[in-house]
$ cat upload38.txt   # compact mmCIF, N, CA and C atoms
# COMPACT_ATOMS: atom_id res chain seq x y z
N MET E 1 -19.32 -6.19 -2.92
CA MET E 1 -18.09 -6.83 -3.36
C MET E 1 -18.46 -8.04 -4.21
N ASN E 2 -17.82 -8.18 -5.35
CA ASN E 2 -18.16 -9.25 -6.30
C ASN E 2 -17.72 -10.62 -5.82
N ASN E 3 -16.60 -10.72 -5.18
CA ASN E 3 -16.05 -12.01 -4.81
C ASN E 3 -15.96 -12.15 -3.29
N SER E 4 -16.42 -13.28 -2.82
CA SER E 4 -16.24 -13.59 -1.40
C SER E 4 -14.80 -14.09 -1.21
N PHE E 5 -14.36 -14.09 0.02
CA PHE E 5 -13.02 -14.62 0.30
C PHE E 5 -12.93 -16.07 -0.16
N GLU E 6 -13.97 -16.85 0.14
CA GLU E 6 -13.96 -18.27 -0.22
C GLU E 6 -13.82 -18.45 -1.73
N LYS E 7 -14.50 -17.63 -2.51
CA LYS E 7 -14.41 -17.72 -3.97
C LYS E 7 -12.99 -17.36 -4.44
N LEU E 8 -12.42 -16.31 -3.86
CA LEU E 8 -11.06 -15.93 -4.21
C LEU E 8 -10.07 -17.03 -3.83
N TYR E 9 -10.22 -17.55 -2.61
CA TYR E 9 -9.34 -18.61 -2.11
C TYR E 9 -9.42 -19.85 -3.02
N LEU E 10 -10.63 -20.32 -3.27
CA LEU E 10 -10.79 -21.52 -4.08
C LEU E 10 -10.33 -21.31 -5.52
N GLY E 11 -10.57 -20.11 -6.06
CA GLY E 11 -10.10 -19.81 -7.41
C GLY E 11 -8.59 -19.83 -7.50
N TYR E 12 -7.94 -19.19 -6.53
CA TYR E 12 -6.47 -19.17 -6.57
C TYR E 12 -5.89 -20.55 -6.26
N LYS E 13 -6.50 -21.26 -5.32
CA LYS E 13 -6.05 -22.62 -4.99
C LYS E 13 -6.11 -23.53 -6.21
N THR E 14 -7.21 -23.48 -6.95
CA THR E 14 -7.36 -24.30 -8.15
C THR E 14 -6.28 -23.97 -9.17
N LYS E 15 -6.06 -22.69 -9.38
CA LYS E 15 -5.03 -22.25 -10.32
C LYS E 15 -3.64 -22.69 -9.84
N TYR E 16 -3.38 -22.54 -8.54
CA TYR E 16 -2.08 -22.91 -7.99
C TYR E 16 -1.82 -24.41 -8.16
N ILE E 17 -2.81 -25.22 -7.81
CA ILE E 17 -2.63 -26.68 -7.92
C ILE E 17 -2.42 -27.08 -9.37
N TYR E 18 -3.13 -26.45 -10.28
CA TYR E 18 -2.95 -26.74 -11.70
C TYR E 18 -1.51 -26.46 -12.14
N ARG E 19 -0.95 -25.36 -11.68
CA ARG E 19 0.39 -24.95 -12.10
C ARG E 19 1.51 -25.65 -11.33
N HIS E 20 1.28 -25.94 -10.04
CA HIS E 20 2.38 -26.43 -9.19
C HIS E 20 2.15 -27.81 -8.59
N GLY E 21 0.94 -28.32 -8.67
CA GLY E 21 0.64 -29.67 -8.18
C GLY E 21 0.08 -29.70 -6.77
N GLN E 22 -0.67 -30.77 -6.51
CA GLN E 22 -1.31 -30.97 -5.20
C GLN E 22 -0.27 -31.16 -4.10
N ALA E 23 0.81 -31.86 -4.39
CA ALA E 23 1.83 -32.13 -3.37
C ALA E 23 2.44 -30.82 -2.84
N LYS E 24 2.73 -29.89 -3.73
CA LYS E 24 3.31 -28.61 -3.28
C LYS E 24 2.28 -27.83 -2.47
N PHE E 25 1.03 -27.83 -2.90
CA PHE E 25 -0.02 -27.17 -2.12
C PHE E 25 -0.09 -27.78 -0.72
N ASN E 26 -0.08 -29.10 -0.64
CA ASN E 26 -0.16 -29.78 0.65
C ASN E 26 1.01 -29.40 1.56
N THR E 27 2.19 -29.28 0.98
CA THR E 27 3.37 -28.87 1.74
C THR E 27 3.19 -27.47 2.31
N ILE E 28 2.74 -26.56 1.48
CA ILE E 28 2.52 -25.17 1.92
C ILE E 28 1.47 -25.13 3.02
N GLU E 29 0.38 -25.83 2.81
CA GLU E 29 -0.70 -25.85 3.80
C GLU E 29 -0.19 -26.38 5.14
N PHE E 30 0.58 -27.46 5.11
CA PHE E 30 1.13 -28.04 6.33
C PHE E 30 2.06 -27.05 7.03
N LYS E 31 2.94 -26.43 6.27
CA LYS E 31 3.91 -25.50 6.87
C LYS E 31 3.22 -24.29 7.49
N VAL E 32 2.19 -23.77 6.83
CA VAL E 32 1.48 -22.60 7.36
C VAL E 32 0.67 -22.98 8.59
N GLN E 33 -0.09 -24.05 8.50
CA GLN E 33 -0.97 -24.42 9.61
C GLN E 33 -0.22 -24.90 10.85
N ASN E 34 1.02 -25.31 10.67
CA ASN E 34 1.82 -25.78 11.81
C ASN E 34 2.93 -24.80 12.19
N SER E 35 2.85 -23.59 11.69
CA SER E 35 3.87 -22.58 11.94
C SER E 35 3.68 -21.92 13.30
N SER E 36 4.76 -21.79 14.04
CA SER E 36 4.69 -21.08 15.32
C SER E 36 4.45 -19.58 15.09
N LYS E 37 4.90 -19.06 13.96
CA LYS E 37 4.69 -17.63 13.66
C LYS E 37 3.21 -17.34 13.40
N ILE E 38 2.54 -18.24 12.70
CA ILE E 38 1.11 -18.07 12.44
C ILE E 38 0.33 -18.28 13.74
N ALA E 39 0.73 -19.25 14.54
CA ALA E 39 0.08 -19.47 15.84
C ALA E 39 0.23 -18.24 16.72
N GLN E 40 1.40 -17.63 16.70
CA GLN E 40 1.64 -16.42 17.48
C GLN E 40 0.77 -15.26 16.98
N LEU E 41 0.64 -15.13 15.67
CA LEU E 41 -0.21 -14.09 15.09
C LEU E 41 -1.67 -14.30 15.48
N ASN E 42 -2.12 -15.54 15.45
CA ASN E 42 -3.49 -15.85 15.86
C ASN E 42 -3.72 -15.54 17.33
N SER E 43 -2.76 -15.87 18.17
CA SER E 43 -2.86 -15.58 19.60
C SER E 43 -2.90 -14.08 19.86
N LEU E 44 -2.07 -13.36 19.15
CA LEU E 44 -2.04 -11.90 19.28
C LEU E 44 -3.38 -11.29 18.85
N SER E 45 -3.97 -11.84 17.83
CA SER E 45 -5.28 -11.38 17.38
C SER E 45 -6.32 -11.52 18.50
N ILE E 46 -6.28 -12.65 19.18
CA ILE E 46 -7.22 -12.89 20.28
C ILE E 46 -6.92 -11.95 21.45
N GLN E 47 -5.65 -11.82 21.81
CA GLN E 47 -5.27 -10.96 22.93
C GLN E 47 -5.66 -9.51 22.68
N GLN E 48 -5.44 -9.03 21.46
CA GLN E 48 -5.73 -7.64 21.13
C GLN E 48 -7.16 -7.43 20.65
N ARG E 49 -7.89 -8.53 20.52
CA ARG E 49 -9.30 -8.51 20.11
C ARG E 49 -9.50 -7.75 18.79
N THR E 50 -8.64 -8.08 17.82
CA THR E 50 -8.72 -7.44 16.51
C THR E 50 -8.20 -8.39 15.44
N GLU E 51 -8.53 -8.07 14.22
CA GLU E 51 -8.06 -8.87 13.09
C GLU E 51 -6.65 -8.46 12.69
N PRO E 52 -5.82 -9.41 12.29
CA PRO E 52 -4.50 -9.04 11.75
C PRO E 52 -4.69 -8.37 10.39
N SER E 53 -3.83 -7.47 10.05
CA SER E 53 -3.88 -6.87 8.72
C SER E 53 -3.30 -7.87 7.72
N GLN E 54 -3.53 -7.62 6.45
CA GLN E 54 -2.95 -8.50 5.45
C GLN E 54 -1.43 -8.39 5.48
N GLY E 55 -0.93 -7.22 5.85
CA GLY E 55 0.51 -7.06 6.02
C GLY E 55 1.07 -7.93 7.13
N ASP E 56 0.29 -8.10 8.20
CA ASP E 56 0.72 -8.97 9.30
C ASP E 56 0.90 -10.41 8.81
N PHE E 57 -0.07 -10.87 8.01
CA PHE E 57 0.05 -12.23 7.46
C PHE E 57 1.27 -12.32 6.55
N GLY E 58 1.49 -11.30 5.74
CA GLY E 58 2.63 -11.30 4.82
C GLY E 58 3.96 -11.35 5.55
N VAL E 59 4.08 -10.56 6.61
CA VAL E 59 5.33 -10.55 7.39
C VAL E 59 5.55 -11.92 8.02
N ALA E 60 4.49 -12.51 8.57
CA ALA E 60 4.63 -13.84 9.19
C ALA E 60 5.08 -14.88 8.16
N ILE E 61 4.50 -14.85 6.99
CA ILE E 61 4.87 -15.81 5.94
C ILE E 61 6.31 -15.57 5.49
N GLN E 62 6.65 -14.32 5.23
CA GLN E 62 8.00 -14.00 4.73
C GLN E 62 9.09 -14.27 5.76
N SER E 63 8.73 -14.39 7.03
CA SER E 63 9.75 -14.68 8.05
C SER E 63 9.95 -16.18 8.25
N MET E 64 9.17 -16.99 7.57
CA MET E 64 9.32 -18.45 7.65
C MET E 64 10.37 -18.90 6.63
N ALA E 65 11.32 -19.71 7.06
CA ALA E 65 12.44 -20.11 6.21
C ALA E 65 11.99 -20.68 4.87
N TYR E 66 10.98 -21.49 4.85
CA TYR E 66 10.52 -22.13 3.61
C TYR E 66 10.12 -21.11 2.56
N PHE E 67 9.60 -19.96 2.98
CA PHE E 67 9.04 -18.99 2.03
C PHE E 67 9.98 -17.84 1.68
N ILE E 68 11.13 -17.75 2.33
CA ILE E 68 12.04 -16.63 2.09
C ILE E 68 12.43 -16.52 0.62
N PHE E 69 12.73 -17.64 -0.01
CA PHE E 69 13.16 -17.61 -1.41
C PHE E 69 12.09 -18.16 -2.36
N SER E 70 10.87 -18.29 -1.87
CA SER E 70 9.78 -18.79 -2.71
C SER E 70 9.29 -17.70 -3.64
N GLY E 71 8.73 -18.10 -4.74
CA GLY E 71 8.18 -17.16 -5.71
C GLY E 71 6.85 -16.58 -5.26
N GLY E 72 6.37 -15.63 -6.03
CA GLY E 72 5.13 -14.94 -5.71
C GLY E 72 3.92 -15.86 -5.68
N ASP E 73 3.86 -16.85 -6.58
CA ASP E 73 2.73 -17.78 -6.58
C ASP E 73 2.62 -18.48 -5.23
N THR E 74 3.75 -18.97 -4.74
CA THR E 74 3.77 -19.73 -3.50
C THR E 74 3.50 -18.84 -2.29
N CYS E 75 4.09 -17.66 -2.27
CA CYS E 75 3.85 -16.74 -1.14
C CYS E 75 2.39 -16.29 -1.11
N ALA E 76 1.81 -16.03 -2.26
CA ALA E 76 0.40 -15.66 -2.31
C ALA E 76 -0.47 -16.79 -1.78
N MET E 77 -0.16 -18.03 -2.19
CA MET E 77 -0.94 -19.17 -1.71
C MET E 77 -0.79 -19.32 -0.21
N ALA E 78 0.40 -19.13 0.30
CA ALA E 78 0.65 -19.23 1.74
C ALA E 78 -0.14 -18.17 2.51
N GLU E 79 -0.20 -16.95 1.97
CA GLU E 79 -0.97 -15.89 2.63
C GLU E 79 -2.46 -16.21 2.62
N PHE E 80 -2.95 -16.77 1.51
CA PHE E 80 -4.35 -17.19 1.47
C PHE E 80 -4.62 -18.27 2.53
N ILE E 81 -3.74 -19.24 2.62
CA ILE E 81 -3.91 -20.33 3.59
C ILE E 81 -3.88 -19.78 5.00
N ALA E 82 -2.94 -18.87 5.29
CA ALA E 82 -2.84 -18.29 6.64
C ALA E 82 -4.10 -17.50 6.99
N THR E 83 -4.61 -16.76 6.03
CA THR E 83 -5.83 -15.97 6.26
C THR E 83 -7.02 -16.89 6.49
N LYS E 84 -7.13 -17.93 5.67
CA LYS E 84 -8.23 -18.89 5.83
C LYS E 84 -8.12 -19.61 7.17
N HIS E 85 -6.91 -19.98 7.55
CA HIS E 85 -6.69 -20.65 8.84
C HIS E 85 -7.12 -19.74 9.99
N TRP E 86 -6.75 -18.46 9.92
CA TRP E 86 -7.17 -17.49 10.95
C TRP E 86 -8.69 -17.39 10.98
N ASP E 87 -9.29 -17.31 9.80
CA ASP E 87 -10.75 -17.19 9.73
C ASP E 87 -11.43 -18.40 10.37
N GLU E 88 -10.92 -19.58 10.10
CA GLU E 88 -11.55 -20.81 10.60
C GLU E 88 -11.28 -21.07 12.08
N THR E 89 -10.16 -20.59 12.58
CA THR E 89 -9.81 -20.90 13.98
C THR E 89 -10.05 -19.76 14.95
N VAL E 90 -9.88 -18.53 14.49
CA VAL E 90 -10.03 -17.36 15.37
C VAL E 90 -11.30 -16.59 15.04
N ASN E 91 -11.41 -16.16 13.81
CA ASN E 91 -12.54 -15.31 13.42
C ASN E 91 -13.88 -16.03 13.56
N TYR E 92 -13.90 -17.31 13.30
CA TYR E 92 -15.12 -18.10 13.43
C TYR E 92 -15.69 -17.98 14.85
N ARG E 93 -14.80 -17.96 15.81
CA ARG E 93 -15.24 -17.90 17.21
C ARG E 93 -15.46 -16.48 17.71
N TYR E 94 -14.56 -15.56 17.35
CA TYR E 94 -14.59 -14.21 17.92
C TYR E 94 -15.24 -13.16 17.02
N GLU E 95 -15.40 -13.46 15.76
CA GLU E 95 -16.05 -12.56 14.80
C GLU E 95 -15.43 -11.14 14.77
N PHE E 96 -14.12 -11.09 14.59
CA PHE E 96 -13.41 -9.82 14.50
C PHE E 96 -13.58 -9.17 13.12
N CYS E 97 -13.95 -9.95 12.14
CA CYS E 97 -13.93 -9.50 10.75
C CYS E 97 -15.16 -10.06 10.02
N ASP E 98 -15.88 -9.21 9.28
CA ASP E 98 -17.04 -9.70 8.53
C ASP E 98 -16.60 -10.20 7.15
N GLU E 99 -17.54 -10.77 6.42
CA GLU E 99 -17.22 -11.36 5.12
C GLU E 99 -16.68 -10.34 4.12
N GLU E 100 -17.19 -9.14 4.16
CA GLU E 100 -16.71 -8.11 3.23
C GLU E 100 -15.24 -7.76 3.51
N ALA E 101 -14.90 -7.60 4.78
CA ALA E 101 -13.51 -7.30 5.14
C ALA E 101 -12.60 -8.48 4.79
N LEU E 102 -13.09 -9.68 4.97
CA LEU E 102 -12.31 -10.87 4.62
C LEU E 102 -12.07 -10.93 3.11
N ALA E 103 -13.09 -10.59 2.35
CA ALA E 103 -12.94 -10.56 0.88
C ALA E 103 -11.91 -9.50 0.47
N ARG E 104 -11.89 -8.37 1.16
CA ARG E 104 -10.88 -7.34 0.86
C ARG E 104 -9.48 -7.88 1.15
N LYS E 105 -9.33 -8.69 2.20
CA LYS E 105 -8.04 -9.30 2.49
C LYS E 105 -7.60 -10.21 1.33
N GLY E 106 -8.55 -11.00 0.83
CA GLY E 106 -8.23 -11.87 -0.30
C GLY E 106 -7.83 -11.09 -1.54
N GLN E 107 -8.56 -10.02 -1.83
CA GLN E 107 -8.23 -9.19 -2.98
C GLN E 107 -6.88 -8.52 -2.78
N SER E 108 -6.58 -8.15 -1.55
CA SER E 108 -5.29 -7.54 -1.23
C SER E 108 -4.13 -8.49 -1.52
N ILE E 109 -4.32 -9.76 -1.23
CA ILE E 109 -3.28 -10.76 -1.53
C ILE E 109 -3.04 -10.80 -3.04
N LEU E 110 -4.12 -10.89 -3.80
CA LEU E 110 -3.99 -10.94 -5.26
C LEU E 110 -3.30 -9.69 -5.79
N ASN E 111 -3.68 -8.53 -5.28
CA ASN E 111 -3.08 -7.27 -5.74
C ASN E 111 -1.61 -7.19 -5.37
N LYS E 112 -1.29 -7.56 -4.15
CA LYS E 112 0.10 -7.48 -3.68
C LYS E 112 1.04 -8.30 -4.57
N TRP E 113 0.61 -9.49 -4.92
CA TRP E 113 1.45 -10.41 -5.69
C TRP E 113 1.15 -10.35 -7.20
N HIS E 114 0.32 -9.39 -7.62
CA HIS E 114 -0.03 -9.22 -9.04
C HIS E 114 -0.56 -10.52 -9.63
N LYS E 115 -1.53 -11.11 -8.92
CA LYS E 115 -2.14 -12.38 -9.34
C LYS E 115 -3.61 -12.17 -9.63
N ASN E 116 -4.19 -13.12 -10.32
CA ASN E 116 -5.64 -13.12 -10.55
C ASN E 116 -6.13 -14.56 -10.49
N ILE E 117 -7.43 -14.72 -10.51
CA ILE E 117 -7.99 -16.07 -10.42
C ILE E 117 -8.58 -16.53 -11.76
N LYS E 118 -8.30 -15.80 -12.81
CA LYS E 118 -8.83 -16.16 -14.13
C LYS E 118 -7.87 -17.05 -14.89

$ encode --input "upload38.txt" --output "structure tokens"
Amino acid sequence: MNNSFEKLYLGYKTKYIYRHGQAKFNTIEFKVQNSSKIAQLNSLSIQQRTEPSQGDFGVAIQSMAYFIFSGGDTCAMAEFIATKHWDETVNYRYEFCDEEALARKGQSILNKWHKNIK
């Protein structure tokens, strides 16, 4: 795989901040990291001893009031943040997903929202 998840995340984050500003990124990051829906998804991952699918992250984000009417740029960034948060808090400890699978999740976000990091 050409791109690691971290490379995809940082590439999209840089592009997002350039287009929408640091303040909006910070808001999204705060809302995702403090979301009860994301916390529930992370807990379920631990209970079931498996990684959430990218669709699971998408459903969790789309069910949050802030993101219901948000555009694709913002929803994609939120899904990246949720995936990174899961990786840092759950996957880091339990190792449910390797780097290649994580990179596929990142590419899936870009494909779903028709985004790129160029």

$ residues_near_point --input "upload38.txt" --point "(-8.8, -15.3, 0.3)" --cutoff "6 Å" --atoms "all atoms listed in the file" --output "ChimeraX atom specification"
/E:5-6,8-9,80,105-107

$ write_last_selection --input "upload38.txt" --atoms "N, CA and C atoms" --output "mmCIF file, in the frame of the given file"
data_model
loop_
_atom_site.group_PDB
_atom_site.id
_atom_site.type_symbol
_atom_site.label_atom_id
_atom_site.label_comp_id
_atom_site.auth_asym_id
_atom_site.auth_seq_id
_atom_site.Cartn_x
_atom_site.Cartn_y
_atom_site.Cartn_z
ATOM 1 N N PHE E 5 -14.360 -14.090 0.020
ATOM 2 C CA PHE E 5 -13.020 -14.620 0.300
ATOM 3 C C PHE E 5 -12.930 -16.070 -0.160
ATOM 4 N N GLU E 6 -13.970 -16.850 0.140
ATOM 5 C CA GLU E 6 -13.960 -18.270 -0.220
ATOM 6 C C GLU E 6 -13.820 -18.450 -1.730
ATOM 7 N N LEU E 8 -12.420 -16.310 -3.860
ATOM 8 C CA LEU E 8 -11.060 -15.930 -4.210
ATOM 9 C C LEU E 8 -10.070 -17.030 -3.830
ATOM 10 N N TYR E 9 -10.220 -17.550 -2.610
ATOM 11 C CA TYR E 9 -9.340 -18.610 -2.110
ATOM 12 C C TYR E 9 -9.420 -19.850 -3.020
ATOM 13 N N PHE E 80 -2.950 -16.770 1.510
ATOM 14 C CA PHE E 80 -4.350 -17.190 1.470
ATOM 15 C C PHE E 80 -4.620 -18.270 2.530
ATOM 16 N N LYS E 105 -9.330 -8.690 2.200
ATOM 17 C CA LYS E 105 -8.040 -9.300 2.490
ATOM 18 C C LYS E 105 -7.600 -10.210 1.330
ATOM 19 N N GLY E 106 -8.550 -11.000 0.830
ATOM 20 C CA GLY E 106 -8.230 -11.870 -0.300
ATOM 21 C C GLY E 106 -7.830 -11.090 -1.540
ATOM 22 N N GLN E 107 -8.560 -10.020 -1.830
ATOM 23 C CA GLN E 107 -8.230 -9.190 -2.980
ATOM 24 C C GLN E 107 -6.880 -8.520 -2.780
#

$ atom_distance --input "upload38.txt" --atom1 "atom CA of Lys13 of chain E" --atom2 "atom CA of Met77 of chain E"
7.0 Å

$ atom_distance --input "upload38.txt" --atom1 "atom CA of Asn42 of chain E" --atom2 "atom CA of Leu10 of chain E"
22.0 Å

$ atom_distance --input "upload38.txt" --atom1 "atom C of Asn34 of chain E" --atom2 "atom N of Ala76 of chain E"
16.9 Å

$ closest_residue --input "upload38.txt" --among "E:Ser108, E:Thr89, E:Thr74, E:Asn116" --to "Ile61 of chain E" --atoms "only C-alpha atoms"
E:Thr74

$ select_by_dssp --input "upload38.txt" --residues "chain E" --states "alpha helix (DSSP H)" --output "JSON, numbers by chain"
{"E": [5, 6, 7, 8, 9, 10, 11, 12, 13, 14, 15, 16, 17, 18, 19, 20, 22, 23, 24, 25, 26, 27, 28, 29, 30, 31, 32, 33, 36, 37, 38, 39, 40, 41, 42, 43, 44, 45, 46, 47, 48, 54, 55, 56, 57, 58, 59, 60, 61, 62, 65, 66, 67, 68, 72, 73, 74, 75, 76, 77, 78, 79, 80, 81, 82, 83, 84, 85, 86, 92, 93, 94, 99, 100, 101, 102, 103, 104, 105, 106, 107, 108, 109, 110, 111, 112]}

$ closest_residue --input "upload38.txt" --among "E:Cys97, E:Ile28, E:Leu44, E:Ala103" --to "Tyr16 of chain E" --atoms "only C-alpha atoms"
E:Ile28

$ residues_around --input "upload38.txt" --residues "segment 81-86 of chain E" --least-positions-apart "2" --cutoff "8 Å" --atoms "only C-alpha atoms" --output "PyMOL selection string"
chain E and resi 29+32-33+38+42+57+77-79+88-91+105

$ closest_residue --input "upload38.txt" --among "E:Lys15, E:His20, E:Lys7, E:Arg49" --to "Lys118 of chain E" --atoms "only C-alpha atoms"
E:Lys15

$ closest_residue --input "upload38.txt" --among "E:Leu110, E:Ile46, E:Leu41, E:Ile17" --to "Tyr94 of chain E" --atoms "all atoms listed in the file"
E:Ile46
